[in-house]
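Following: one structure in structure tokens, then a few remarks.
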Amino acid sequence: MHDLSQRADSHYLTKVEQQMRNLGIQRYEIPWRDTTLSLLQSGSMTGPQVLCLHGVTYSSASVFHLSISGAAADEYSLLLKLSQSLGCWCLDFSGYGFSPTSTSSFKETIDDYVEQVGEAVRYLRQLTGHKPVLIGWSWGGQVASRYAGRHGENLSGLVYWGALWGGTGQVDFVKSLPKPTSPRRINTQQHAGADFKTPHTFESEVKNRFIDFALRLDPTSPTTGLTESLYNMPLHSPEEINVPTLVIHGEHDFVAQSNDISDYFAALACPIKQYRIIAHADHNVQYSHARQTLVNELKSFSQQCFQHKLDV
């Protein structure tokens with residue numbers, strides 16, 4: 001019988017942390033309620049800072065930092081690529097990866113995730129003195145958008161990447177999907193490889209390595225994001241956002257529909273906004289053949305936010 005409460009092996013987490021430390025990636029812990037939250041960090045503490053939020057199933061180390069045998073350490077690591085010119089932080093939400101599970105996890109909503117982001121932003125600003133650009137991918141994009149709409153004064157910018165809102169046809173489609181039946185779910189190889197859907201946009205070795213790494217870090221994961229999305233979309237309001245915003249969409253993204261992304265962009269209240277479609281990329285652009293285009297867009301936008309040189 002599978003254990004829904006199963007988390008990553010502590011010895012394996014220690015090994016992964018040491019490997020990351022050898023590459024210049026530090027891990028910080030910050031208090032949140034009755035537990036702690038984990039933050040990965042690399043790059044300068046001065047100058048522009050970015051805070052990355054992972055998706056609904058897998059944590060930061062697998063989503064933003066993947067090591068492939070024979071490849072350069074930063075080849076498939078968005079964290080290391082961004083840290084070459086930015087201070088890059090990646091948050092593990094409670095119950096994912098390096099972050100322990102809160103005793104209140106069974107009744108969490110998106111606002112609990114927004115609160116976690118607030119703690120991470122506060123800690124980041126305390127150490128660096130700078131407001132970060134908040135980069136949200138997939139479920140992390142929904143959380144980032146909700147945070148930006150409510151606490152935009154704490155950010156220098158927002159990146160909304162591969163996320164769901166509730167525009168043309170999206171709500172009806174999402175609410176028709178199967179609903180979770182427990183606070184956590186068991187992750188499988190089939191699910192871990194699901195984002196590698198469009199042929200010729202990725203290398204098979206990357207897909208296989210991601211599946212192995214992701215499942216070892218997160219053999220199970222919370223279902224809060226799924227429950228919230230399936231029952232309560234839309235969960236955020238682009239008309240409430242006033243900070244500079246970059247919207248990123250992979251050309252072949254089957255999760256975030258193009259109409260929904262376009263509707264979100266049109267509804268943004270911020271006078272400074274950019275929309276980039278990345279060709280030859282799927283939902284997980286960071287592991288596609290077009291990954292360097294993503295890196296370039298994120299670096300350029302973050303540096304412009306820091307320098308206040310964005311044009312409408």
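Identifiers in this document derive from the order of the structure tokens: chains are assigned A, B, ..., residues are numbered from 1 separately in each chain, and ligands are numbered from 1 in order of occurrence.
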
Could you list, with a cut-off of 9 Å and counting only C-alpha atoms, the residues of segment 133-223 of chain A near segment 43-50 of chain A, each shown with its nearest atom pair and the distance in Å rounded to one decimal, rows sorted by chain and ascending number, as a tab-separated table?
residue	atom	partner	partner_atom	distance
A:Val133	CA	A:Val50	CA	4.7
A:Leu134	CA	A:Val50	CA	5.9
A:Ile135	CA	A:Val50	CA	6.9

Written file, previous selection with C-alpha atoms, as a short mmCIF file (atom, residue, chain, number, x, y, z; two decimals), in the first residue's frame:
data_model
loop_
_atom_site.label_atom_id
_atom_site.label_comp_id
_atom_site.auth_asym_id
_atom_site.auth_seq_id
_atom_site.Cartn_x
_atom_site.Cartn_y
_atom_site.Cartn_z
CA VAL A 133 11.14 40.19 -9.65
CA LEU A 134 8.73 37.36 -8.85
CA ILE A 135 8.88 34.53 -11.43
#

Give me, as an mmCIF file with C-alpha atoms, in the first residue's frame, all polymer residues having an atom no more than 12 Å from Gly24 of chain A, counting only C-alpha atoms and skipping those fewer than 3 positions away in the same chain.
data_model
loop_
_atom_site.group_PDB
_atom_site.id
_atom_site.type_symbol
_atom_site.label_atom_id
_atom_site.label_comp_id
_atom_site.auth_asym_id
_atom_site.auth_seq_id
_atom_site.Cartn_x
_atom_site.Cartn_y
_atom_site.Cartn_z
ATOM 1 C CA GLU A 17 22.250 19.809 -1.001
ATOM 2 C CA GLN A 18 25.986 19.072 -0.895
ATOM 3 C CA GLN A 19 26.116 18.721 -4.677
ATOM 4 C CA MET A 20 24.371 22.070 -5.072
ATOM 5 C CA ARG A 21 26.633 23.706 -2.504
ATOM 6 C CA ARG A 27 20.095 26.756 0.990
ATOM 7 C CA LEU A 40 17.777 27.930 -2.729
ATOM 8 C CA GLN A 41 20.037 30.844 -3.680
ATOM 9 C CA SER A 42 22.865 31.528 -6.089
ATOM 10 C CA GLY A 43 24.444 34.681 -7.438
ATOM 11 C CA SER A 44 25.149 38.145 -6.106
ATOM 12 C CA ALA A 73 26.637 22.231 -14.635
ATOM 13 C CA ASP A 74 24.500 25.159 -15.777
ATOM 14 C CA LEU A 79 18.974 28.748 -11.315
ATOM 15 C CA LEU A 80 22.647 28.769 -12.294
ATOM 16 C CA SER A 83 22.669 33.660 -11.222
ATOM 17 C CA GLN A 84 25.396 34.618 -13.694
ATOM 18 C CA GLY A 87 20.699 37.049 -7.548
ATOM 19 C CA CYS A 88 18.451 34.019 -8.021
#

I'd like to know which of A:Pro219, A:Pro132, A:Pro238, A:Pro183 is closest to Tyr160 of chain A, using only C-alpha atoms. A:Pro238

Minimum-distance residue to Ala267 of chain A, chosen among A:Cys305, A:His191, A:Trp165, A:Thr223 (using only C-alpha atoms): A:Trp165

Using only C-alpha atoms, which residues sit within 8 Å of segment 33-36 of chain A once same-chain residues fewer than 6 positions away are excluded, as a PyMOL selection string? chain A and resi 94+99-103

Contacts of segment 105-122 of chain A within 10 Å, only C-alpha atoms, excl. fewer than 4 positions in-chain, as a PyMOL selection string: chain A and resi 29-33+36-39+50-53+89-95+101+126-127+129-134+139-140+142-148+150-151+154-155+182-184+222-225+227-229+232+235-236

Which residue of A:Phe301, A:Pro178, A:Leu230, A:Val206 approaches Tyr76 of chain A most closely, using only C-alpha atoms: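 Nearest to Tyr76 of chain A: A:Val206.
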
Which one of A:Leu78, A:Val243, A:Leu226, A:Val285 sits closest to Val56 of chain A if you count only C-alpha atoms?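 Residue with the minimum atom-to-atom distance to Val56 of chain A: A:Leu226.
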
Backbone-only DSSP, strand (DSSP E) members of segment 145-280 of chain A, as a list in words: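 Listing strand (DSSP E) positions across segment 145-280 of chain A yields Gly157, Leu158, Val159, Tyr160, Trp161, Arg184, Arg185, Ile186, Thr220, Ser221, Pro222, Thr245, Leu246, Val247, Ile248, His249, Gly250, Lys273, Gln274, Tyr275, Arg276, Ile277 and Ile278 of chain A.
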
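Rounded to one decimal, atom CA of Ile68 of chain A and atom CA of Tyr287 of chain A lie 11.3 Å from each other.
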
Residue list (helix (DSSP H, G or I), DSSP) for segment 228-296 of chain A, as a PyMOL selection string: chain A and resi 228-232+238-240+258-267+285-287+291-296

Save out the residues we just selected, C-alpha atoms, as a CSV table (one decimal), in the first residue's frame.
chain,number,residue,atom,x,y,z
A,228,GLU,CA,-8.0,25.3,-5.8
A,229,SER,CA,-7.7,25.3,-9.6
A,230,LEU,CA,-10.3,22.7,-10.2
A,231,TYR,CA,-12.9,24.2,-7.9
A,232,ASN,CA,-12.2,27.9,-7.6
A,238,PRO,CA,-4.7,40.7,-13.6
A,239,GLU,CA,-6.7,43.9,-13.3
A,240,GLU,CA,-5.2,44.3,-9.8
A,258,SER,CA,-3.0,30.5,-25.7
A,259,ASN,CA,-6.4,32.2,-25.5
A,260,ASP,CA,-6.2,32.2,-21.7
A,261,ILE,CA,-2.8,33.7,-21.8
A,262,SER,CA,-3.8,36.4,-24.3
A,263,ASP,CA,-6.9,37.2,-22.2
A,264,TYR,CA,-4.7,37.5,-19.1
A,265,PHE,CA,-2.3,39.8,-20.8
A,266,ALA,CA,-5.1,42.0,-22.2
A,267,ALA,CA,-6.6,42.3,-18.7
A,285,VAL,CA,10.5,25.8,-21.5
A,286,GLN,CA,13.5,25.6,-19.2
A,287,TYR,CA,14.2,22.1,-20.5
A,291,ARG,CA,15.8,27.3,-23.0
A,292,GLN,CA,18.4,30.0,-23.7
A,293,THR,CA,15.8,32.2,-25.1
A,294,LEU,CA,13.9,31.9,-21.8
A,295,VAL,CA,17.1,32.8,-19.9
A,296,ASN,CA,17.7,35.8,-22.1
